[in-house]
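The data block below is my_file.txt; it holds compact mmCIF, C-alpha atoms.
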# COMPACT_ATOMS: atom_id res chain seq x y z
CA MET A 1 0.00 0.00 0.00
CA THR A 2 1.44 3.38 -1.02
CA LYS A 3 1.87 6.31 1.37
CA GLN A 4 -0.74 8.24 -0.66
CA THR A 5 -3.28 5.44 -0.27
CA LYS A 6 -2.58 5.17 3.48
CA SER A 7 -3.02 8.93 3.84
CA PHE A 8 -6.31 8.80 1.92
CA LEU A 9 -7.67 5.96 4.06
CA HIS A 10 -6.56 7.72 7.23
CA LYS A 11 -8.43 10.88 6.24
CA CYS A 12 -11.51 8.82 5.37
CA LYS A 13 -11.47 7.22 8.81
CA LEU A 14 -11.13 10.61 10.50
CA LEU A 15 -14.09 11.99 8.54
CA LEU A 16 -16.30 9.03 9.37
CA LEU A 17 -15.23 9.16 13.01
CA GLY A 18 -16.18 12.83 13.12
CA ILE A 19 -19.70 12.05 11.87
CA THR A 20 -20.14 9.29 14.43
CA LEU A 21 -18.88 11.38 17.33
CA LEU A 22 -21.11 14.29 16.37
CA ALA A 23 -24.18 12.05 16.40
CA ILE A 24 -23.26 10.49 19.75
CA LEU A 25 -22.54 13.84 21.38
CA TYR A 26 -25.83 15.27 20.23
CA VAL A 27 -27.86 12.32 21.49
CA VAL A 28 -26.05 12.14 24.81
CA GLY A 29 -26.22 15.89 25.35
CA THR A 30 -29.98 16.14 24.78
CA PHE A 31 -32.56 14.68 27.15
CA ASN A 32 -35.17 14.08 24.44
CA PRO A 33 -33.35 14.30 21.11
CA ASN A 34 -35.62 14.97 18.13
CA PHE A 35 -35.17 12.20 15.55
CA TYR A 36 -35.48 14.50 12.56
CA VAL A 37 -33.07 17.06 13.99
CA VAL A 38 -30.51 14.34 14.71
CA GLN A 39 -30.87 12.94 11.19
CA LYS A 40 -30.55 16.41 9.67
CA ILE A 41 -27.30 17.05 11.54
CA ILE A 42 -25.91 13.63 10.59
CA ALA A 43 -26.93 14.19 6.95
CA GLU A 44 -25.27 17.60 6.83
CA GLU A 45 -22.03 16.23 8.24
CA HIS A 46 -22.24 13.24 5.93
CA ASN A 47 -22.58 15.52 2.89
CA LYS A 48 -19.57 17.54 4.04
CA ALA A 49 -17.59 14.31 4.39
CA VAL A 50 -18.59 13.17 0.90
CA LYS A 51 -17.45 16.46 -0.62
CA GLU A 52 -14.16 16.22 1.23
CA MET A 53 -13.63 12.61 0.15
CA ASN A 54 -14.42 13.53 -3.46
CA SER A 55 -11.69 16.15 -3.27
CA LEU A 56 -9.36 13.43 -1.94
CA GLY A 57 -10.05 11.15 -4.88
CA LEU A 58 -13.24 9.19 -4.12
CA PHE A 59 -14.09 7.50 -7.41
CA GLU A 60 -16.49 5.02 -8.94
CA PRO A 61 -15.30 1.42 -8.50
CA SER A 62 -14.52 -0.80 -11.47
CA PHE A 63 -17.21 -3.30 -12.47
CA GLU A 64 -15.59 -6.59 -13.41
CA TYR A 65 -17.08 -10.08 -13.24
CA THR A 66 -16.73 -13.53 -14.77
CA ASP A 67 -19.55 -15.45 -13.10
CA THR A 68 -22.56 -15.09 -10.82
CA THR A 69 -20.51 -14.74 -7.64
CA THR A 70 -18.23 -12.02 -9.01
CA PHE A 71 -21.20 -10.27 -10.63
CA ILE A 72 -23.00 -10.02 -7.29
CA ALA A 73 -19.79 -8.78 -5.65
CA ALA A 74 -19.40 -6.11 -8.34
CA VAL A 75 -22.99 -4.89 -7.87
CA TYR A 76 -22.47 -4.71 -4.11
CA LYS A 77 -19.29 -2.70 -4.57
CA CYS A 78 -21.04 -0.23 -6.84
CA ILE A 79 -24.19 0.18 -4.72
CA ASP A 80 -22.01 0.71 -1.65
CA TYR A 81 -20.30 3.55 -3.52
CA VAL A 82 -23.62 4.99 -4.77
CA ASN A 83 -25.20 4.75 -1.32
CA TYR A 84 -22.23 6.42 0.32
CA THR A 85 -22.59 9.37 -2.05
CA THR A 86 -26.36 9.48 -1.47
CA GLU A 87 -28.17 11.19 1.41
CA LEU A 88 -28.71 8.76 4.29
CA ASN A 89 -32.50 8.81 4.09
CA LYS A 90 -32.50 8.29 0.29
CA ARG A 91 -30.37 5.17 0.19
CA ILE A 92 -31.78 1.99 -1.30
CA PRO A 93 -31.10 -1.29 0.54
CA SER A 94 -28.15 -2.98 -1.17
CA GLY A 95 -29.78 -6.41 -1.23
CA LEU A 96 -32.76 -5.06 -3.16
CA ILE A 97 -30.60 -3.49 -5.87
CA VAL A 98 -28.48 -6.64 -6.17
CA ALA A 99 -31.56 -8.86 -6.49
CA MET A 100 -33.06 -6.60 -9.17
CA ALA A 101 -29.78 -6.62 -11.12
CA VAL A 102 -29.55 -10.42 -10.88
CA VAL A 103 -33.10 -10.91 -12.15
CA GLU A 104 -33.20 -8.15 -14.76
CA SER A 105 -29.81 -8.85 -16.35
CA GLY A 106 -29.51 -12.59 -15.86
CA ASN A 107 -26.45 -12.07 -13.66
CA GLY A 108 -25.00 -9.58 -16.11
CA THR A 109 -25.33 -11.82 -19.18
CA SER A 110 -28.21 -10.10 -21.00
CA ARG A 111 -27.60 -8.26 -24.27
CA PHE A 112 -28.58 -4.97 -22.66
CA ALA A 113 -26.14 -5.52 -19.78
CA VAL A 114 -23.22 -6.60 -21.95
CA LYS A 115 -23.59 -4.09 -24.80
CA GLY A 116 -25.48 -1.28 -23.10
CA ASN A 117 -24.31 -1.47 -19.46
CA ASN A 118 -28.00 -1.53 -18.50
CA LEU A 119 -28.52 -3.99 -15.64
CA PHE A 120 -32.20 -3.18 -15.06
CA GLY A 121 -33.85 -2.91 -18.46
CA ILE A 122 -34.46 0.82 -17.94
CA ARG A 123 -36.32 2.26 -20.91
CA THR A 124 -36.47 5.66 -22.58
CA TRP A 125 -38.93 7.22 -25.00
CA ASP A 126 -36.59 10.09 -25.84
CA PRO A 127 -35.03 9.55 -29.29
CA LYS A 128 -32.13 11.82 -28.29
CA VAL A 129 -31.04 9.40 -25.55
CA LYS A 130 -28.61 6.66 -26.60
CA GLN A 131 -30.51 3.38 -26.64
CA MET A 132 -30.86 -0.16 -27.91
CA LYS A 133 -33.99 -1.66 -29.43
CA PRO A 134 -35.26 -5.09 -28.36
CA LEU A 135 -34.42 -7.64 -31.06
CA ASP A 136 -38.06 -8.70 -31.29
CA LEU A 137 -39.29 -5.08 -31.42
CA PRO A 138 -36.88 -3.24 -33.74
CA ASN A 139 -39.45 -0.51 -34.47
CA ALA A 140 -40.59 0.04 -30.86
CA ARG A 141 -41.21 3.64 -29.84
CA PHE A 142 -39.11 3.04 -26.73
CA GLY A 143 -35.56 1.85 -26.36
CA VAL A 144 -33.47 0.42 -23.54
CA LYS A 145 -31.04 3.06 -22.30
CA VAL A 146 -27.34 2.71 -22.92
CA TYR A 147 -25.02 3.79 -20.09
CA LYS A 148 -21.36 4.68 -20.01
CA THR A 149 -20.79 2.25 -17.15
CA LYS A 150 -22.80 -0.38 -15.31
CA CYS A 151 -22.50 1.70 -12.16
CA ASP A 152 -24.31 4.48 -14.04
CA SER A 153 -27.31 2.19 -14.49
CA ILE A 154 -27.30 1.53 -10.74
CA LYS A 155 -27.21 5.28 -10.07
CA ASP A 156 -30.18 5.75 -12.40
CA THR A 157 -32.12 2.98 -10.67
CA VAL A 158 -31.57 4.67 -7.30
CA ARG A 159 -32.72 7.96 -8.84
CA ILE A 160 -35.89 6.39 -10.25
CA LEU A 161 -36.82 4.66 -7.00
CA ASN A 162 -36.27 7.94 -5.16
CA ASN A 163 -38.27 10.13 -7.53
CA HIS A 164 -40.77 8.31 -9.71
CA PRO A 165 -44.43 8.55 -8.54
CA ALA A 166 -44.88 4.81 -9.04
CA TYR A 167 -42.61 4.18 -6.04
CA ALA A 168 -44.17 6.63 -3.58
CA GLU A 169 -45.38 3.78 -1.35
CA PHE A 170 -41.96 2.16 -1.52
CA ARG A 171 -40.36 5.39 -0.29
CA LYS A 172 -42.94 5.76 2.46
CA GLU A 173 -42.24 2.24 3.74
CA ARG A 174 -38.49 2.67 3.36
CA ASP A 175 -38.65 5.86 5.43
CA ARG A 176 -40.64 4.07 8.14
CA GLN A 177 -38.12 1.25 8.31
CA TYR A 178 -35.23 3.73 8.30
CA LYS A 179 -36.76 5.58 11.24
CA GLU A 180 -37.38 2.34 13.16
CA LYS A 181 -33.94 0.95 12.17
CA ILE A 182 -35.35 -2.27 10.75
CA THR A 183 -35.31 -4.09 7.40
CA ASP A 184 -38.53 -5.93 6.61
CA TRP A 185 -38.11 -7.37 3.12
CA GLU A 186 -41.57 -8.91 2.98
CA THR A 187 -43.17 -5.50 3.42
CA LEU A 188 -40.71 -3.44 1.38
CA VAL A 189 -39.96 -5.56 -1.68
CA PRO A 190 -43.51 -5.92 -3.08
CA LEU A 191 -43.61 -2.12 -3.43
CA VAL A 192 -41.10 -2.21 -6.30
CA ALA A 193 -43.55 -4.32 -8.35
CA PRO A 194 -44.24 -1.45 -10.82
CA TRP A 195 -40.72 -2.01 -12.20
CA SER A 196 -42.02 -4.92 -14.26
CA THR A 197 -45.21 -5.93 -16.03
CA ASN A 198 -44.77 -9.39 -14.53
CA GLU A 199 -47.39 -9.62 -11.79
CA LYS A 200 -45.09 -11.93 -9.83
CA TYR A 201 -42.13 -9.54 -9.96
CA GLY A 202 -42.21 -8.63 -6.26
CA ALA A 203 -42.30 -12.30 -5.27
CA ILE A 204 -39.43 -13.10 -7.65
CA ILE A 205 -37.23 -10.36 -6.18
CA LEU A 206 -38.05 -11.43 -2.62
CA GLU A 207 -37.27 -15.06 -3.45
CA THR A 208 -33.93 -13.98 -4.96
CA ILE A 209 -33.00 -12.03 -1.83
CA ILE A 210 -33.81 -14.99 0.41
CA LYS A 211 -32.30 -17.70 -1.82
CA ARG A 212 -29.02 -15.86 -2.36
CA GLU A 213 -28.96 -14.48 1.19
CA LEU A 214 -28.61 -10.92 -0.03
Write the structure described by the file as structure tokens, please.
Amino acid sequence: MTKQTKSFLHKCKLLLLGITLLAILYVVGTFNPNFYVVQKIIAEEHNKAVKEMNSLGLFEPSFEYTDTTTFIAAVYKCIDYVNYTTELNKRIPSGLIVAMAVVESGNGTSRFAVKGNNLFGIRTWDPKVKQMKPLDLPNARFGVKVYKTKCDSIKDTVRILNNHPAYAEFRKERDRQYKEKITDWETLVPLVAPWSTNEKYGAIILETIIKREL
């Protein structure tokens, strides 16, 4: 490990330690700490830390895989990066993103994943956006978006889940679980069902999470 890398990691640890200490001091120093105030302070310090780490060279991880195991590891590495650079209350559970990528891309083997870096079958109806047409629908009005990197498709999935009206209930349930510091897959996962026209989509994603212990 080079001196530069050690210095970078040391600074990262100091930044994260600062966030943790700030949260602890606030909670301990207040008789009845307000949850939202605490989260706001933590979020503000987190955002400062992210900006500082970006200036120190925080960068998108490489996405390399040769089989199912390495594909899952690559998705985890990318979603960890995306989540770290995302506000705490807008993060998407890693296991959910991994399961969706596994199902939608066939473990990274689909044509859209290989040639378009699109792990989730995300579509666009904008002809100005770079896209690929389904082989069985060459004249379709929509296309499947092409991304510069596979991590970019993960970023876009996080954006969609955080902003699209179809996932309002998902966000509501995610916020509840975030506040209560729990992860209830059986309640949360079915709320991403609008992602697919397959009526069993929610059940398929949940089964994938459980089967692969994501």
Query raised in the report: Between atom CA of Asp156 of chain A and atom CA of Thr86 of chain A, what is the spacing in Å?
Result: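 Value for the atom CA of Thr86 of chain A-atom CA of Asp156 of chain A distance: 12.2 Å.
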Query - Nearest to Val98 of chain A, chosen from A:Asp80, A:Asp175, A:Glu64, A:Glu180, with only C-alpha atoms counted in the distances - result: A:Asp80
Requested in this report: Give me, please, the distance in Å between atom CA of Val146 of chain A and atom CA of Ala113 of chain A, quoted to one decimal.
Outcome: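 If I compute the distance from atom CA of Val146 of chain A to atom CA of Ala113 of chain A, I get 8.9 Å.
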**Report entry** Using all atoms listed in the file: which of A:Thr149, A:Asn89, A:Ser110, A:Asn198 has the shortest distance to Val75 of chain A
**Finding:** A:Thr149
Query raised in the report: So how many Å separate atom CA of Pro61 of chain A and atom CA of Arg111 of chain A, to one decimal?
Result: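 Distance between the two atoms: 22.2 Å.
Distance annotation: of A:Glu169, A:Leu214, A:Lys179, A:Gly121, the residue with the minimal separation from Ala73 of chain A is A:Leu214; atom set is all atoms listed in the file.
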Report task. Can you work out which one of A:Ile72, A:Val103, A:Met132, A:Ala166 has the shortest atom-to-atom distance to Glu207 of chain A, counting all atoms listed in the file? Result ->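 Closest to Glu207 of chain A of all the choices is A:Val103.
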Report the centre and edge lengths, in Å to one decimal, of an axis-aligned box enclosing every atom of segment 158-165 of chain A listed in the file, padded by 4 Å on each side, as AutoDock Vina command-line options.
--center_x -38.0 --center_y 7.4 --center_z -7.7 --size_x 20.9 --size_y 13.5 --size_z 13.1
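Among A:Pro165, A:Asp136, A:Lys148, A:Tyr76, the residue with the shortest atom-to-atom distance to Val114 of chain A, counting all atoms listed in the file, is A:Lys148.
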**Report entry** Best match for closeness to Ile209 of chain A among A:Asn139, A:Gln131, A:Asn162, A:Ser94, counting only C-alpha atoms
**Finding:** A:Ser94
Query raised in the report: Is there a way to get, as an MDAnalysis selection string, all residues within 12 Å of the point (-39.2, -1.4, 5.9) in file coordinates, counting only C-alpha atoms?
Result: chainID A and resid 92:93 96 169:191
